[in-house]
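> A single structure is presented below for examination.
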Amino acid sequence: MYILGVWDGHDAGAALIDDENIIYAANEERFTKRKLEVSFPHNAIAAALRYAGLKPSSIDHVAYTTTELTKTLERIYPPMKETYYKFRRRKEPKPWNERFRHNLKYSLTSVGILPLCGTISSAYIRRQLKKDGFTHSYKLHIVEHHTAHAATAAFTSGMKDQLVITLDGLGDGLSGSVSTMENGRLERKVAIRARDSLGILYEQVTNLLGMRELEDEGKIMAMADYSYPFDFEDNKLKGFFKVVGTTMHATYGPLRQYTELDKIAWQTPREQTAYMAQQLLEVEMAKFVSNAIDRYGIGNVAFAGGIFSNVKANMHIRNLDALKKWYIFPHMGDGGIALGAALYANYLKTSRNSNDLSVYRGDSYNRDDIRKAAEADRALTIEEDGAKEQGRHAAELIEDDNYILWFQGRMEYGPRALGNRSILAKSESAAVKDRLNMYVKKREWFQPFAPSMLEEDAPRILKYDDKGRSAYMTMAYDTKDETRDMLRSVTHVDGTARPQTVSGENAAYMDLLKNVKRGTCYGVVLNTSFNIHGKPIVMTPADAIEMMLTTKTKYMFMDGYFITNRKGV
Ligand SMILES: [Fe+2]
């Protein structure tokens with residue numbers, strides 16, 4: 001039995017599973033080259049079927065998610081979401097009716113699923129799938145938004161009895177949930193209304209600081225580091241939000257909240273406003289999680305939802321004494337809910353509640369594809385550099401202060417490059433970090449990079465603990481004083497880092513890190529995603545070559561080939 005998961009909103013995507021395996025998962029942005037694509041994932045669906053060698057008629061079940069009023073309106077009238085997408089990403093000038101749009105968005109926030117929304121949405125999904133060749137009869141499942149988030153965390157965490165907590169901006173009228181999973185049954189215990197959303201508050205601060213909501217929230221977290229610290233007692237946003245037990249309460253509705261935040265942001269330096277929002281998030285999230293653990297007496301907690309991309313807030317949660325084990329689903333935002341919908345439909349059908357997760361679930365390419373892409377430009381030379389040699393060779397180049405492009409095997413699912421579509425450099429070189437920021441990534445100066453390190457070295461480098469594995473860059477850790485110099489290009493200014501710990505799951509990457517370790521005693525490198533800022537991570541060899549040429553990068557390792565660019569600098 002095959003189940004196709006579909007998500008057609010912010011960071012649209014598709015996932016294909018059978019009774020036992022996650023076969024394929026990817027987001028539409030990688031195909032259309034528009035970051036966080038919102039259009040129906042026709043390309044991702046076609047790629048999933050192609051990967052598995054299936055025809056649409058082999059799919060018996062399709063699961064999709066989110067039928068709230070605004071989502072349904074967007075399905076009835078798709079230009080609505082396209083306009084918002086372009087505006088939100090600053091691709092078009094501010095429209096004259098922006099204030100009206102803004103007010104409408106937040107007025108509709110609390111409206112969840114109304115009668116008929118499901119029927120209208122399902123008709124739309126069927127119509128779109130028909131264009132993809134789904135003309136046979138199949139069962140269509142609707143999975144509620146936070147249930148889809150919860151399913152991603154609960155069913156891939158590997159923990160038996162667990163608490164499952166979701167928090168995001170909003171979806172289907174909610175901004176969060178607490179569920180328990182005991183004796184194999186996932187059961188929702190608490191639902192947080194969309195009106196009381198920590199995610200919306202953080203999103204509004206992002207917007208007020210001149211950045212793109214739903215995309216630049218990580219920059220607020222990074223910017224907060226540049227404020228002088230102050231006590232929570234002195235935080236002007238303190239009164240905006242309250243956690244009592246396992247309830248959350250926003251003092252103001254979203255519209256009034258925006259106005260009140262605006263007054264504060266207007267009179268406060270940017271980094272301090274960012275600090276206030278970040279501190280509020282950390283304090284209130286930790287309180288909420290702590291109360292939930294107390295209430296249900298379960299210390300193993302799995303998390304999903306966009307808010308859990310905030311690695312600093314996650315660190316506060318990890319530091320709770322009551323928390324025994326943590327797991328954060330690596331594609332925690334809405335980009336992951338196509339898989340969540342499929343996993344939940346499978347759980348209902350087969351009771352399967354535990355799935356092996358590998359993030360390497362996208363496309364891979366053969367030697368012909370690579371050769372063809374590399375031969376497209378005369379500035380490039382392509383040499384065989386066998387799988388065994390490339391780790392040693394790449395480590396030598398990194399050691400010599402070069403950054404390299406590292407393209408291997410199947411593409412990662414999720415926002416982070418985890419060693420298959422990565423740019424790698426020395427972890428201790430501030431110079432190479434600046435070069436990467438200025439010429440390749442073109443990011444704001446205050447955005448930090450992150451390290452990948454051998455799992456065995458993590459306790460030597462970081463103040464690591466055994467509460468969870470940091471295999472997907474979802475958690476911040478304090479670094480040890482003695483290793484800080486070695487991590488100059490991959491730590492935040494407060495001395496924390498967001499590591500990817502690498503083990504046998506990615507053998508080629510592990511080999512590279514072992515070679516780095518031979519020269520430096522520590523298997524650690526800077527790892528940033530293989531893209532230019534604002535663009536999605538590259539997917540195909542042709543995408544990779546194009547970026548190599550536009551950024552004038554010298555070296556690339558691609559599935560056993562070594563490619564050099566004569567025009568590289
Ligand atoms: Fe969400």
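By order of appearance in the structure tokens: chains A, B, ..., then residues from 1 within every chain, and ligands from 1 in the order shown.
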Can you work out which residues are within 10 Å of ligand 1, considering only C-alpha atoms and all ligand atoms, and then hand them over as an MDAnalysis selection string?
chainID A and resid 9:10 66 145:149 166:172 174:176 199 304:307 332:337
> Please produce, as CSV, a per-residue contact table for range 359-392 of chain A versus range 48-63 of chain A (criterion: any atom at most 12 Å away, only C-alpha atoms considered), showing the nearest atom pair and its distance in Å to one decimal, sorted by chain then residue number.

```
residue,atom,partner,partner_atom,distance
A:Arg361,CA,A:Ala48,CA,9.6
A:Gly362,CA,A:Ala48,CA,8.3
A:Asp363,CA,A:Tyr51,CA,7.3
A:Ser364,CA,A:Tyr51,CA,9.2
A:Tyr365,CA,A:Tyr51,CA,10.9
```
> Okay, now the selection with all heavy atoms, as a JSON list (two decimals), in the first residue's frame?

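Written file, again-v1.json:
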```
[["chain", "number", "residue", "atom", "x", "y", "z"],
["A", 361, "ARG", "N", 16.18, 11.86, 1.57],
["A", 361, "ARG", "CA", 15.03, 11.25, 0.92],
["A", 361, "ARG", "C", 14.66, 11.94, -0.40],
["A", 361, "ARG", "O", 13.57, 11.77, -0.92],
["A", 361, "ARG", "CB", 13.83, 11.26, 1.88],
["A", 361, "ARG", "CG", 13.92, 10.12, 2.91],
["A", 361, "ARG", "CD", 13.72, 8.77, 2.21],
["A", 361, "ARG", "NE", 14.15, 7.63, 2.98],
["A", 361, "ARG", "CZ", 15.35, 7.02, 2.86],
["A", 361, "ARG", "NH1", 16.25, 7.48, 2.03],
["A", 361, "ARG", "NH2", 15.63, 5.95, 3.57],
["A", 362, "GLY", "N", 15.57, 12.76, -0.94],
["A", 362, "GLY", "CA", 15.29, 13.42, -2.22],
["A", 362, "GLY", "C", 15.92, 12.66, -3.38],
["A", 362, "GLY", "O", 16.20, 11.47, -3.28],
["A", 363, "ASP", "N", 16.19, 13.38, -4.47],
["A", 363, "ASP", "CA", 16.74, 12.74, -5.67],
["A", 363, "ASP", "C", 18.26, 12.62, -5.61],
["A", 363, "ASP", "O", 18.94, 13.42, -4.99],
["A", 363, "ASP", "CB", 16.37, 13.59, -6.90],
["A", 363, "ASP", "CG", 14.92, 13.38, -7.28],
["A", 363, "ASP", "OD1", 14.57, 12.26, -7.68],
["A", 363, "ASP", "OD2", 14.13, 14.33, -7.15],
["A", 364, "SER", "N", 18.75, 11.59, -6.30],
["A", 364, "SER", "CA", 20.19, 11.49, -6.54],
["A", 364, "SER", "C", 20.38, 11.42, -8.06],
["A", 364, "SER", "O", 19.41, 11.26, -8.80],
["A", 364, "SER", "CB", 20.77, 10.25, -5.87],
["A", 364, "SER", "OG", 20.17, 9.10, -6.40],
["A", 365, "TYR", "N", 21.63, 11.50, -8.50],
["A", 365, "TYR", "CA", 21.87, 11.60, -9.95],
["A", 365, "TYR", "C", 22.97, 10.64, -10.39],
["A", 365, "TYR", "O", 23.84, 10.29, -9.60],
["A", 365, "TYR", "CB", 22.21, 13.06, -10.31],
["A", 365, "TYR", "CG", 21.03, 13.93, -10.00],
["A", 365, "TYR", "CD1", 20.86, 14.48, -8.73],
["A", 365, "TYR", "CD2", 20.02, 14.13, -10.94],
["A", 365, "TYR", "CE1", 19.73, 15.23, -8.41],
["A", 365, "TYR", "CE2", 18.89, 14.87, -10.63],
["A", 365, "TYR", "CZ", 18.75, 15.41, -9.37],
["A", 365, "TYR", "OH", 17.63, 16.13, -9.06]]
```
> Would you mind reading off the distance between CA of Ala379 in chain A and CA of Asn565 in chain A, one decimal, in Å?
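Between these atoms lies a distance of 5.6 Å.
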> Identify all residues of range 53-235 of chain A in helix (DSSP H, G or I) (DSSP on the backbone) and supply them as a ChimeraX atom specification.
/A:56-58,69-76,79-88,98-108,117-131,145-154,194-196,198-208,217-224,232-234
> Go through range 455-551 of chain A and collect every residue that DSSP, computed from the backbone, puts in strand (DSSP E); the answer should be as a list in words.
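Checking each residue of range 455-551 of chain A, the strand (DSSP E) ones are Tyr477, Asp478, Thr496, Ala497, Gln500, Thr501, Val502, Val524, Val525, Leu526, Asn527, Thr528 and Ser529 of chain A.
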> Find the residues around Ala15 in chain A up to 6 Å (only C-alpha atoms counted), leave out those fewer than 5 positions away in its own chain, and share them as a ChimeraX atom specification.
/A:4-5,24-25,338-339
